[in-house]
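Shown below: coords07.pdb, with PDB, C-alpha atoms.
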ATOM      1  CA  MET C   1      -5.971  -0.271  12.285
ATOM      2  CA  VAL C   2      -2.291   0.040  13.094
ATOM      3  CA  ILE C   3      -0.784   3.122  11.445
ATOM      4  CA  SER C   4       2.095   1.247   9.826
ATOM      5  CA  THR C   5      -0.341  -1.311   8.367
ATOM      6  CA  LEU C   6      -2.591   1.443   7.051
ATOM      7  CA  ALA C   7       0.371   3.216   5.435
ATOM      8  CA  ALA C   8       1.611  -0.022   3.865
ATOM      9  CA  ALA C   9      -1.869  -0.798   2.521
ATOM     10  CA  ALA C  10      -2.153   2.686   1.016
ATOM     11  CA  VAL C  11       1.197   2.451  -0.769
ATOM     12  CA  SER C  12       0.368  -1.064  -1.996
ATOM     13  CA  ALA C  13      -2.937   0.214  -3.364
ATOM     14  CA  LEU C  14      -1.255   3.183  -5.079
ATOM     15  CA  VAL C  15       1.264   1.080  -6.994
ATOM     16  CA  PRO C  16      -1.165  -0.604  -9.456
ATOM     17  CA  PHE C  17      -2.913   2.736  -9.965
ATOM     18  CA  LEU C  18       0.383   4.447 -10.846
ATOM     19  CA  VAL C  19       1.677   1.537 -12.952
ATOM     20  CA  LYS C  20      -1.461   1.722 -15.093
ATOM     21  CA  GLY C  21      -0.848   5.426 -15.599
ATOM     22  CA  GLY C  22      -3.804   6.580 -13.560
ATOM     23  CA  GLU C  23      -6.470   4.336 -15.082
ATOM     24  CA  GLN C  24      -9.665   4.163 -13.092
ATOM     25  CA  ILE C  25      -9.642   1.730 -10.205
ATOM     26  CA  ALA C  26     -12.909   1.059  -8.426
ATOM     27  CA  GLU C  27     -14.716   4.097  -9.760
ATOM     28  CA  ASN C  28     -11.869   6.554  -9.157
ATOM     29  CA  ALA C  29     -10.884   5.241  -5.707
ATOM     30  CA  GLY C  30      -7.258   5.063  -6.888
ATOM     31  CA  GLU C  31      -7.373   8.694  -7.969
ATOM     32  CA  ASP C  32      -9.059   9.677  -4.685
ATOM     33  CA  LEU C  33      -6.317   7.869  -2.788
ATOM     34  CA  TRP C  34      -3.613   9.666  -4.810
ATOM     35  CA  LYS C  35      -5.222  13.071  -4.233
ATOM     36  CA  LEU C  36      -5.676  12.501  -0.500
ATOM     37  CA  ILE C  37      -2.062  11.447   0.012
ATOM     38  CA  LYS C  38      -0.687  14.141  -2.298
ATOM     39  CA  GLY C  39      -2.651  16.748  -0.335
ATOM     40  CA  LYS C  40      -0.984  15.646   2.903
ATOM     41  CA  PHE C  41       2.552  15.631   1.482
ATOM     42  CA  THR C  42       3.029  19.387   1.690
ATOM     43  CA  GLY C  43       6.769  19.737   2.250
ATOM     44  CA  ASP C  44       9.290  19.712  -0.606
ATOM     45  CA  LYS C  45      10.986  16.575   0.676
ATOM     46  CA  ALA C  46       7.680  14.699   0.981
ATOM     47  CA  GLN C  47       6.541  15.887  -2.465
ATOM     48  CA  LYS C  48       9.796  14.651  -4.012
ATOM     49  CA  LYS C  49       9.216  11.191  -2.514
ATOM     50  CA  LEU C  50       5.737  11.095  -3.992
ATOM     51  CA  ASP C  51       6.991  12.323  -7.379
ATOM     52  CA  LYS C  52       9.621   9.563  -7.367
ATOM     53  CA  LEU C  53       6.925   7.003  -6.599
ATOM     54  CA  LYS C  54       4.916   8.281  -9.539
ATOM     55  CA  GLU C  55       7.994   7.971 -11.801
ATOM     56  CA  LYS C  56       8.998   4.518 -10.514
ATOM     57  CA  PRO C  57       5.969   2.975  -8.773
ATOM     58  CA  GLU C  58       7.449  -0.522  -8.636
ATOM     59  CA  ASP C  59      10.669   0.556  -6.868
ATOM     60  CA  LYS C  60      10.467  -1.063  -3.408
ATOM     61  CA  GLU C  61      12.887   1.416  -1.824
ATOM     62  CA  ILE C  62      10.796   4.377  -2.944
ATOM     63  CA  GLN C  63       7.651   2.624  -1.719
ATOM     64  CA  GLU C  64       9.266   2.254   1.716
ATOM     65  CA  ARG C  65      10.175   5.943   1.823
ATOM     66  CA  VAL C  66       6.620   6.963   0.961
ATOM     67  CA  LYS C  67       5.261   4.518   3.532
ATOM     68  CA  HIS C  68       7.421   6.064   6.263
ATOM     69  CA  GLU C  69       6.359   9.548   5.211
ATOM     70  CA  LEU C  70       2.735   8.405   5.403
ATOM     71  CA  ILE C  71       3.307   7.010   8.885
ATOM     72  CA  ASP C  72       4.613  10.427   9.950
ATOM     73  CA  GLU C  73       1.513  12.107   8.505
ATOM     74  CA  LEU C  74      -0.880   9.581  10.063
ATOM     75  CA  GLU C  75       0.496   9.844  13.591
ATOM     76  CA  GLY C  76      -1.914  11.966  15.563
ATOM     77  CA  ASP C  77      -4.219  12.686  12.611
ATOM     78  CA  THR C  78      -7.210  10.403  13.111
ATOM     79  CA  ASP C  79      -9.269  12.254  10.474
ATOM     80  CA  PHE C  80      -6.639  11.524   7.828
ATOM     81  CA  ALA C  81      -6.453   7.883   8.956
ATOM     82  CA  GLN C  82     -10.228   7.518   8.705
ATOM     83  CA  GLN C  83     -10.302   9.116   5.248
ATOM     84  CA  LEU C  84      -7.500   6.855   4.085
ATOM     85  CA  GLN C  85      -9.235   3.764   5.480
ATOM     86  CA  ALA C  86     -12.529   4.740   3.820
ATOM     87  CA  ILE C  87     -10.865   5.001   0.409
ATOM     88  CA  LEU C  88      -8.988   1.722   0.887
ATOM     89  CA  ASP C  89     -12.285   0.026   1.752
ATOM     90  CA  GLN C  90     -13.675   1.134  -1.639
ATOM     91  CA  LEU C  91     -10.933  -0.580  -3.609
ATOM     92  CA  PRO C  92     -11.758  -3.868  -5.296
ATOM     93  CA  GLN C  93     -10.297  -6.996  -3.773
ATOM     94  CA  ALA C  94      -7.979  -7.406  -6.780
ATOM     95  CA  ALA C  95      -6.257  -4.123  -5.950
ATOM     96  CA  LYS C  96      -5.454  -5.247  -2.429
ATOM     97  CA  SER C  97      -2.394  -7.391  -2.027
ATOM     98  CA  ASN C  98      -0.805  -9.333   0.792
ATOM     99  CA  VAL C  99       2.333 -11.293   0.069
ATOM    100  CA  GLN C 100       4.277 -13.309   2.570
ATOM    101  CA  ASN C 101       7.485 -15.098   1.610
ATOM    102  CA  ILE C 102       8.834 -17.613   4.078
ATOM    103  CA  SER C 103      11.964 -19.649   3.511
ATOM    104  CA  GLY C 104      13.775 -22.204   5.569
ATOM    105  CA  GLU C 105      12.502 -25.260   7.313
ATOM    106  CA  ARG C 106       9.624 -25.548   9.772
ATOM    107  CA  ASN C 107       8.855 -21.832   9.737
ATOM    108  CA  ILE C 108       5.360 -20.638  10.493
ATOM    109  CA  GLY C 109       3.844 -17.484   9.054
ATOM    110  CA  ILE C 110       0.609 -15.953  10.260
ATOM    111  CA  GLN C 111      -1.252 -13.301   8.352
ATOM    112  CA  ASP C 112      -4.742 -11.875   8.767
ATOM    113  CA  VAL C 113      -6.685 -12.074   5.518
ATOM    114  CA  SER C 114     -10.371 -11.282   5.274
ATOM    115  CA  GLY C 115     -12.552 -11.450   2.218
ATOM    116  CA  GLY C 116      -9.764 -12.775   0.040
ATOM    117  CA  GLN C 117      -8.289 -15.919  -1.358
ATOM    118  CA  ILE C 118      -5.345 -17.723   0.183
ATOM    119  CA  ASN C 119      -2.943 -19.689  -2.031
ATOM    120  CA  ILE C 120      -0.358 -21.878  -0.402
ATOM    121  CA  HIS C 121       2.550 -23.128  -2.474
ATOM    122  CA  LYS C 122       4.696 -25.720  -0.826
ATOM    123  CA  GLY C 123       8.149 -25.903  -2.312
ATOM    124  CA  ASN C 124      10.364 -28.919  -2.696
ATOM    125  CA  LYS C 125      13.306 -29.107  -0.322
ATOM    126  CA  ASP C 126      15.626 -29.509  -3.345
ATOM    127  CA  THR C 127      14.455 -26.333  -5.096
TER     128      THR C 127
END
Starting from the file, give its structure as structure tokens.
Amino acid sequence: MVISTLAAAAVSALVPFLVKGGEQIAENAGEDLWKLIKGKFTGDKAQKKLDKLKEKPEDKEIQERVKHELIDELEGDTDFAQQLQAILDQLPQAAKSNVQNISGERNIGIQDVSGGQINIHKGNKDT
């Protein structure tokens, strides 16, 4: 898996876990994910980013910062990437999320989705 995609998937999976205040997701997979990432964020700056995500999990800007920090940690650390992927694979399908917003006319969006449901909403040109 591409590192940036893996990092984005990890942050996306963390958000519902943090929003629910740490409730169990997929037999503690959310908690395992949190612990694995928290263990890799050893510097003060990285820890602050993670603490901010815990305080405001739905803040997209904070999510992006954590994602970029994760990318830095994943580069060159295949063991960490494999551990992260293994935990993400344990998450229920409902915890995984892919959203693609396309606007304009005659645009084409392509996204790889496996084992999930695809909903296509076609808007009216006047809306």
List the residues selected by the PyMOL selection byres ((chain C and resi 62-78) around 12) in the file shown, writing them as a PyMOL selection string.
-> chain C and resi 1-15+18+36-43+45-61+79-85
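One distance worth recording is that between atom CA of Trp34 of chain C and atom CA of Pro16 of chain C, which is 11.5 Å.
Between atom CA of Val19 of chain C and atom CA of Leu88 of chain C the separation is 17.5 Å.
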